[in-house]
file final-v1.txt (compact mmCIF, C-alpha atoms)
# COMPACT_ATOMS: atom_id res chain seq x y z
CA MET F 12 -50.01 -93.17 15.12
CA THR F 13 -50.77 -93.99 18.74
CA PRO F 14 -49.10 -96.85 20.64
CA ALA F 15 -52.44 -98.69 20.66
CA GLU F 16 -52.73 -98.37 16.86
CA PHE F 17 -49.14 -99.59 16.49
CA ASP F 18 -49.93 -102.62 18.65
CA MET F 19 -52.97 -103.40 16.50
CA LEU F 20 -50.92 -103.31 13.29
CA ALA F 21 -48.05 -105.27 14.83
CA ALA F 22 -50.51 -107.93 15.96
CA GLN F 23 -51.91 -108.24 12.43
CA VAL F 24 -48.41 -108.59 10.96
CA ARG F 25 -47.49 -111.23 13.53
CA LEU F 26 -50.70 -113.17 12.94
CA ARG F 27 -50.09 -113.33 9.18
CA SER F 28 -46.34 -113.83 9.06
CA GLY F 29 -44.95 -114.64 12.49
CA LEU F 30 -42.79 -111.52 12.33
CA VAL F 31 -42.36 -109.75 15.66
CA VAL F 32 -42.52 -105.97 15.24
CA GLY F 33 -41.40 -104.40 18.52
CA HIS F 34 -41.89 -100.79 19.61
CA ASP F 35 -38.33 -100.09 18.53
CA LYS F 36 -39.67 -100.45 14.96
CA PHE F 37 -42.33 -97.74 15.47
CA TYR F 38 -40.88 -95.32 12.95
CA LEU F 39 -39.98 -98.11 10.52
CA LEU F 40 -43.61 -99.22 10.49
CA GLU F 41 -44.80 -95.68 9.94
CA SER F 42 -42.34 -95.09 7.08
CA ARG F 43 -43.42 -98.27 5.31
CA LEU F 44 -47.10 -97.51 5.69
CA VAL F 45 -46.88 -94.07 4.05
CA PRO F 46 -46.33 -95.44 0.50
CA ILE F 47 -49.25 -97.86 1.00
CA ALA F 48 -51.52 -95.01 2.06
CA ARG F 49 -50.48 -93.03 -1.03
CA ARG F 50 -51.13 -95.95 -3.36
CA ARG F 51 -54.57 -96.29 -1.82
CA GLY F 52 -55.31 -92.62 -2.35
CA LEU F 53 -55.73 -92.02 1.37
CA ALA F 54 -55.12 -88.69 3.06
CA GLY F 55 -52.64 -90.12 5.55
CA LEU F 56 -51.79 -92.77 8.12
CA ASP F 57 -54.87 -92.06 10.22
CA ASP F 58 -57.12 -93.06 7.32
CA LEU F 59 -55.03 -96.18 6.71
CA VAL F 60 -55.19 -97.24 10.35
CA ALA F 61 -58.95 -96.64 10.36
CA LEU F 62 -59.29 -98.85 7.28
CA VAL F 63 -57.34 -101.65 8.97
CA ALA F 64 -59.43 -101.29 12.13
CA ARG F 65 -62.57 -102.10 10.17
CA GLY F 66 -61.08 -105.53 9.57
CA ASN F 67 -62.60 -106.24 6.16
CA ASP F 68 -59.68 -105.57 3.79
CA GLU F 69 -57.53 -108.69 3.67
CA ALA F 70 -55.60 -107.41 0.64
CA LEU F 71 -54.53 -104.34 2.61
CA LEU F 72 -53.40 -106.45 5.56
CA ARG F 73 -51.35 -108.61 3.22
CA GLU F 74 -49.78 -105.50 1.69
CA ILE F 75 -48.85 -104.17 5.12
CA THR F 76 -47.43 -107.53 6.15
CA GLU F 77 -45.29 -107.78 3.02
CA ALA F 78 -44.06 -104.22 3.53
CA MET F 79 -42.69 -105.19 6.95
CA THR F 80 -40.58 -108.08 5.71
CA THR F 81 -36.83 -107.51 5.77
CA ASN F 82 -35.41 -107.70 2.26
CA GLU F 83 -31.70 -107.67 3.02
CA SER F 84 -29.89 -110.12 0.75
CA PHE F 85 -26.75 -110.44 -1.31
CA PHE F 86 -24.89 -113.01 -3.35
CA PHE F 87 -22.95 -115.74 -1.49
CA ARG F 88 -23.88 -114.17 1.84
CA ASP F 89 -21.33 -115.09 4.53
CA VAL F 90 -19.48 -117.21 1.92
CA ARG F 91 -18.81 -120.26 4.12
CA PRO F 92 -22.27 -121.88 3.85
CA PHE F 93 -21.92 -121.85 0.08
CA ASP F 94 -18.41 -123.30 0.31
CA VAL F 95 -19.78 -126.10 2.51
CA PHE F 96 -22.59 -126.70 0.04
CA ARG F 97 -20.06 -126.89 -2.81
CA THR F 98 -17.47 -129.09 -1.09
CA GLU F 99 -19.51 -131.21 1.34
CA THR F 100 -23.27 -131.32 0.82
CA LEU F 101 -23.46 -131.43 -2.97
CA PRO F 102 -20.76 -134.13 -3.47
CA HIS F 103 -22.50 -136.25 -0.81
CA LEU F 104 -25.85 -135.91 -2.53
CA LEU F 105 -24.36 -136.72 -5.93
CA GLN F 106 -23.49 -140.13 -4.51
CA ALA F 107 -26.60 -140.60 -2.38
CA ARG F 108 -28.98 -139.72 -5.21
CA ALA F 109 -27.10 -141.51 -8.00
CA ALA F 110 -29.94 -144.00 -8.44
CA THR F 111 -32.73 -141.43 -8.82
CA ARG F 112 -30.59 -138.66 -10.36
CA ARG F 113 -32.93 -136.13 -8.84
CA LEU F 114 -32.15 -133.21 -6.55
CA ARG F 115 -34.49 -130.68 -4.94
CA ILE F 116 -33.22 -127.52 -3.20
CA TRP F 117 -35.28 -124.87 -1.45
CA SER F 118 -34.21 -121.31 -0.67
CA ALA F 119 -36.78 -120.14 1.89
CA ALA F 120 -37.28 -116.40 2.47
CA CYS F 121 -35.17 -115.76 -0.61
CA SER F 122 -35.98 -112.03 -0.87
CA SER F 123 -34.81 -110.69 -4.25
CA GLY F 124 -33.23 -113.95 -5.36
CA GLN F 125 -29.52 -113.64 -4.68
CA GLU F 126 -29.40 -116.78 -2.54
CA PRO F 127 -31.04 -119.25 -4.96
CA TYR F 128 -29.09 -117.72 -7.84
CA SER F 129 -25.86 -118.20 -5.87
CA LEU F 130 -26.80 -121.87 -5.53
CA ALA F 131 -27.59 -122.01 -9.24
CA MET F 132 -24.10 -120.72 -10.04
CA ILE F 133 -22.58 -123.47 -7.90
CA LEU F 134 -24.74 -126.10 -9.59
CA HIS F 135 -23.54 -124.73 -12.93
CA GLU F 136 -19.97 -125.59 -11.84
CA PHE F 137 -21.12 -129.21 -11.54
CA ALA F 138 -22.86 -129.24 -14.92
CA ALA F 139 -20.88 -132.20 -16.25
CA GLN F 140 -21.60 -134.34 -13.19
CA LEU F 141 -25.25 -133.33 -13.21
CA GLU F 142 -25.78 -134.21 -16.86
CA GLY F 143 -29.05 -136.13 -17.11
CA TRP F 144 -30.16 -135.17 -13.61
CA THR F 145 -33.46 -133.50 -12.73
CA ILE F 146 -32.63 -130.45 -10.64
CA GLU F 147 -35.36 -128.43 -8.95
CA LEU F 148 -34.32 -125.18 -7.29
CA LEU F 149 -37.13 -123.29 -5.59
CA GLY F 150 -36.98 -119.78 -4.14
CA THR F 151 -39.85 -118.60 -1.96
CA ASP F 152 -40.68 -115.44 -0.08
CA LEU F 153 -43.60 -113.68 1.56
CA SER F 154 -43.19 -110.53 -0.53
CA SER F 155 -44.69 -110.60 -4.02
CA GLU F 156 -42.67 -107.50 -4.91
CA MET F 157 -39.39 -109.22 -4.04
CA LEU F 158 -40.39 -112.32 -5.97
CA ASP F 159 -41.04 -110.21 -9.08
CA LYS F 160 -37.56 -108.73 -8.73
CA ALA F 161 -36.07 -112.18 -8.25
CA ARG F 162 -37.73 -113.52 -11.39
CA ALA F 163 -36.31 -110.63 -13.42
CA GLY F 164 -32.79 -111.41 -12.21
CA LEU F 165 -31.90 -107.73 -12.67
CA TYR F 166 -29.55 -106.12 -10.16
CA SER F 167 -27.85 -102.79 -9.60
CA GLN F 168 -24.09 -102.26 -9.56
CA PHE F 169 -24.25 -102.05 -5.77
CA GLU F 170 -26.11 -105.35 -5.53
CA VAL F 171 -23.68 -107.30 -7.72
CA GLN F 172 -20.72 -105.88 -5.83
CA ARG F 173 -22.03 -107.40 -2.59
CA GLY F 174 -20.49 -110.86 -2.42
CA LEU F 175 -20.41 -111.74 -6.12
CA PRO F 176 -16.91 -112.60 -7.39
CA VAL F 177 -15.92 -110.55 -10.44
CA GLN F 178 -15.31 -113.69 -12.52
CA MET F 179 -18.87 -114.86 -11.87
CA LEU F 180 -20.23 -111.44 -12.74
CA MET F 181 -18.41 -111.51 -16.08
CA THR F 182 -19.45 -115.11 -16.78
CA HIS F 183 -23.11 -115.10 -15.78
CA PHE F 184 -24.33 -111.52 -16.16
CA SER F 185 -24.75 -109.01 -18.95
CA ARG F 186 -25.16 -105.23 -18.85
CA VAL F 187 -28.68 -103.84 -19.22
CA GLY F 188 -28.39 -100.07 -19.03
CA GLN F 189 -27.03 -99.26 -15.60
CA GLN F 190 -27.91 -102.71 -14.25
CA TRP F 191 -26.77 -106.30 -14.57
CA GLN F 192 -29.00 -109.19 -15.59
CA LEU F 193 -28.37 -112.85 -14.86
CA ALA F 194 -28.11 -115.09 -17.91
CA PRO F 195 -31.39 -116.70 -19.02
CA ALA F 196 -29.93 -120.20 -18.59
CA LEU F 197 -29.35 -119.59 -14.89
CA ARG F 198 -32.62 -117.73 -14.36
CA SER F 199 -34.44 -120.73 -15.81
CA MET F 200 -32.85 -122.99 -13.19
CA VAL F 201 -34.85 -121.32 -10.39
CA SER F 202 -38.61 -121.23 -9.94
CA PHE F 203 -40.14 -118.75 -7.52
CA GLY F 204 -43.32 -118.78 -5.48
CA ARG F 205 -44.97 -117.08 -2.52
CA VAL F 206 -44.81 -119.19 0.64
CA ASN F 207 -45.61 -118.24 4.23
CA LEU F 208 -43.32 -120.21 6.53
CA ILE F 209 -45.82 -120.33 9.39
CA GLU F 210 -48.36 -122.15 7.24
CA ASP F 211 -48.52 -125.81 6.20
CA LEU F 212 -45.57 -126.64 3.94
CA SER F 213 -46.53 -130.18 2.98
CA ALA F 214 -47.68 -129.21 -0.53
CA LEU F 215 -44.10 -128.23 -1.37
CA GLY F 216 -42.89 -131.81 -1.15
CA GLU F 217 -39.54 -133.10 0.07
CA PHE F 218 -36.24 -131.24 -0.35
CA ASP F 219 -32.70 -132.60 -0.14
CA VAL F 220 -31.36 -129.19 0.94
CA VAL F 221 -33.11 -126.25 2.56
CA PHE F 222 -31.52 -122.83 2.97
CA CYS F 223 -33.54 -120.89 5.56
CA ARG F 224 -31.00 -118.29 6.57
CA ASN F 225 -31.41 -115.04 8.50
CA VAL F 226 -35.19 -115.21 8.85
CA LEU F 227 -35.73 -117.10 12.13
CA ILE F 228 -34.16 -114.18 13.99
CA TYR F 229 -37.33 -112.18 13.29
CA PHE F 230 -39.59 -114.75 15.00
CA ASP F 231 -40.31 -115.36 18.65
CA LEU F 232 -39.38 -118.76 20.12
CA PRO F 233 -42.76 -120.51 19.61
CA THR F 234 -42.85 -119.38 15.98
CA ARG F 235 -39.24 -120.49 15.39
CA ALA F 236 -40.14 -123.89 16.83
CA LYS F 237 -43.18 -124.17 14.57
CA VAL F 238 -41.26 -123.19 11.44
CA LEU F 239 -38.40 -125.58 12.17
CA ASP F 240 -40.78 -128.45 12.89
CA ASN F 241 -42.61 -127.75 9.62
CA ILE F 242 -39.34 -127.71 7.68
CA ALA F 243 -38.17 -130.93 9.32
CA ARG F 244 -41.12 -132.74 7.76
CA GLN F 245 -39.85 -131.72 4.30
CA ILE F 246 -36.27 -133.01 4.63
CA PRO F 247 -35.08 -136.66 4.47
CA LEU F 248 -32.71 -138.01 7.13
CA ASP F 249 -29.67 -137.50 4.89
CA GLY F 250 -30.72 -134.00 3.80
CA ALA F 251 -29.40 -130.69 5.11
CA LEU F 252 -30.78 -127.50 6.61
CA TYR F 253 -28.70 -124.32 6.43
CA LEU F 254 -29.39 -121.54 8.95
CA GLY F 255 -27.85 -118.08 9.35
CA GLY F 256 -24.75 -117.47 11.45
CA ALA F 257 -26.79 -115.98 14.31
CA GLU F 258 -29.40 -118.74 14.26
CA THR F 259 -29.61 -122.12 15.95
CA VAL F 260 -32.09 -124.94 16.52
CA LEU F 261 -31.02 -125.26 20.15
CA GLY F 262 -33.83 -124.46 22.53
CA ALA F 263 -36.36 -124.34 19.70
CA THR F 264 -36.70 -127.93 18.48
CA ASP F 265 -35.24 -131.41 18.82
CA ARG F 266 -36.10 -132.28 15.22
CA PHE F 267 -32.61 -131.29 14.03
CA ARG F 268 -29.05 -131.98 15.12
CA PRO F 269 -25.92 -129.98 14.20
CA VAL F 270 -23.69 -131.52 11.54
CA PRO F 271 -20.24 -131.88 13.15
CA GLY F 272 -17.68 -129.49 11.74
CA GLN F 273 -20.20 -127.61 9.62
CA ARG F 274 -21.38 -124.53 11.51
CA GLY F 275 -24.92 -123.54 10.65
CA VAL F 276 -25.70 -126.87 8.94
CA TYR F 277 -28.22 -129.27 10.46
CA ALA F 278 -29.50 -132.75 9.74
CA VAL F 279 -32.87 -134.17 10.70
CA ALA F 280 -32.63 -136.07 13.97
CA ALA F 281 -33.29 -139.79 13.59
call {"tool": "encode", "arguments": {"input": "final-v1.txt", "output": "structure tokens"}}
result
Amino acid sequence: MTPAEFDMLAAQVRLRSGLVVGHDKFYLLESRLVPIARRRGLAGLDDLVALVARGNDEALLREITEAMTTNESFFFRDVRPFDVFRTETLPHLLQARAATRRLRIWSAACSSGQEPYSLAMILHEFAAQLEGWTIELLGTDLSSEMLDKARAGLYSQFEVQRGLPVQMLMTHFSRVGQQWQLAPALRSMVSFGRVNLIEDLSALGEFDVVFCRNVLIYFDLPTRAKVLDNIARQIPLDGALYLGGAETVLGATDRFRPVPGQRGVYAVAA
């Protein structure tokens, strides 16, 4: 693949997802295109690039874009955000939403589902207090393949060892061959759908809590600003946005303000 061909593909990925694929990802792009070329029955990357250049295969461009998404995820990633959700955000919302008894939570860029399922396990701890409540927990991602994996709730030994406490593994999972599957009751708590964060999000409705962690780092500044502004329209003033440890709203948008004492948690600016 020539540098010019790489730039063409990177531009298509950026246009469709906002993801910035720099020249340091040259070999990563090549390695992820090879399986696509094989599935298409093409002789090699040259044929795949030629097909893209014709510009009339939107399904192929979507497949390439999805292949470039980063699918790194694990249960209770970084721990502290989930502790803050358990001890600060959720108790606050239990009081604030007592009249409506309704709670909506969105895990954006959820990859293979570990994040929304981690939230589901915390909500399960509050089952008695949430009796009679309507709880909607949505996980979205750009990759259809990852969403299929998330819906199955089936994880390898390596995946459940990454961040998942042993007690939770024993309580909420059962052995299926060499893998572990989340209990049906918890799987049913989460709905999954394909959402592109750079597109209009208004159809999703309003969410009390949004987890959008470790995805903004893959966007350039204008795209980060656009995504954050879009998300701000979906959160009420007393809602909460959770970002990754290496992410911030500073310099990208004035639609959010940090929540004092809660690193990585933001509220919509009044």
call {"tool": "closest_residue", "arguments": {"input": "final-v1.txt", "among": "F:Pro14, F:Leu141, F:Ser129, F:Gln273", "to": "Gly174 (chain F)", "atoms": "only C-alpha atoms"}}
result
F:Ser129
call {"tool": "atom_distance", "arguments": {"input": "final-v1.txt", "atom1": "CA of Val24 (chain F)", "atom2": "CA of Thr76 (chain F)"}}
result
5.0 Å
call {"tool": "closest_residue", "arguments": {"input": "final-v1.txt", "among": "F:Pro102, F:Gly150, F:Gly164, F:Pro247", "to": "Phe137 (chain F)", "atoms": "all atoms listed in the file"}}
result
F:Pro102
call {"tool": "atom_distance", "arguments": {"input": "final-v1.txt", "atom1": "CA of Leu197 (chain F)", "atom2": "CA of Tyr277 (chain F)"}}
result
27.2 Å
call {"tool": "closest_residue", "arguments": {"input": "final-v1.txt", "among": "F:Gln192, F:Ser167, F:Thr80, F:Ser185", "to": "Gly29 (chain F)", "atoms": "all atoms listed in the file"}}
result
F:Thr80
call {"tool": "closest_residue", "arguments": {"input": "final-v1.txt", "among": "F:Leu105, F:Gly33, F:Arg224, F:Phe87", "to": "Ala139 (chain F)", "atoms": "all atoms listed in the file"}}
result
F:Leu105
call {"tool": "closest_residue", "arguments": {"input": "final-v1.txt", "among": "F:Val31, F:Met181, F:Val171, F:Leu193", "to": "Arg235 (chain F)", "atoms": "all atoms listed in the file"}}
result
F:Val31
call {"tool": "closest_residue", "arguments": {"input": "final-v1.txt", "among": "F:Ala54, F:Leu254, F:Leu114, F:Val276", "to": "Val95 (chain F)", "atoms": "only C-alpha atoms"}}
result
F:Val276
call {"tool": "atom_distance", "arguments": {"input": "final-v1.txt", "atom1": "CA of Asn82 (chain F)", "atom2": "CA of Ser122 (chain F)"}}
result
5.4 Å
call {"tool": "residues_around", "arguments": {"input": "final-v1.txt", "residues": "Asp57 (chain F)", "least_positions_apart": "3", "cutoff": "12 Å", "atoms": "all atoms listed in the file", "output": "ChimeraX atom specification"}}
result
/F:12-13,16-17,41,44-45,48,53-54,60-64
call {"tool": "write_last_selection", "arguments": {"input": "final-v1.txt", "atoms": "C-alpha atoms", "output": "mmCIF file, keeping the file's coordinate frame"}}
result
data_model
loop_
_atom_site.group_PDB
_atom_site.id
_atom_site.type_symbol
_atom_site.label_atom_id
_atom_site.label_comp_id
_atom_site.auth_asym_id
_atom_site.auth_seq_id
_atom_site.Cartn_x
_atom_site.Cartn_y
_atom_site.Cartn_z
ATOM 1 C CA MET F 12 -50.010 -93.170 15.120
ATOM 2 C CA THR F 13 -50.770 -93.990 18.740
ATOM 3 C CA GLU F 16 -52.730 -98.370 16.860
ATOM 4 C CA PHE F 17 -49.140 -99.590 16.490
ATOM 5 C CA GLU F 41 -44.800 -95.680 9.940
ATOM 6 C CA LEU F 44 -47.100 -97.510 5.690
ATOM 7 C CA VAL F 45 -46.880 -94.070 4.050
ATOM 8 C CA ALA F 48 -51.520 -95.010 2.060
ATOM 9 C CA LEU F 53 -55.730 -92.020 1.370
ATOM 10 C CA ALA F 54 -55.120 -88.690 3.060
ATOM 11 C CA VAL F 60 -55.190 -97.240 10.350
ATOM 12 C CA ALA F 61 -58.950 -96.640 10.360
ATOM 13 C CA LEU F 62 -59.290 -98.850 7.280
ATOM 14 C CA VAL F 63 -57.340 -101.650 8.970
ATOM 15 C CA ALA F 64 -59.430 -101.290 12.130
#
call {"tool": "residues_around", "arguments": {"input": "final-v1.txt", "residues": "Ala278 (chain F)", "least_positions_apart": "2", "cutoff": "9 Å", "atoms": "all atoms listed in the file", "output": "PyMOL selection string"}}
result
chain F and resi 243+246-252+266-270+276+280-281
call {"tool": "residues_near_point", "arguments": {"input": "final-v1.txt", "point": "(-39.2, -112.1, -10.8)", "cutoff": "10 Å", "atoms": "all atoms listed in the file", "output": "ChimeraX atom specification"}}
result
/F:123-124,155-165,198,202-204
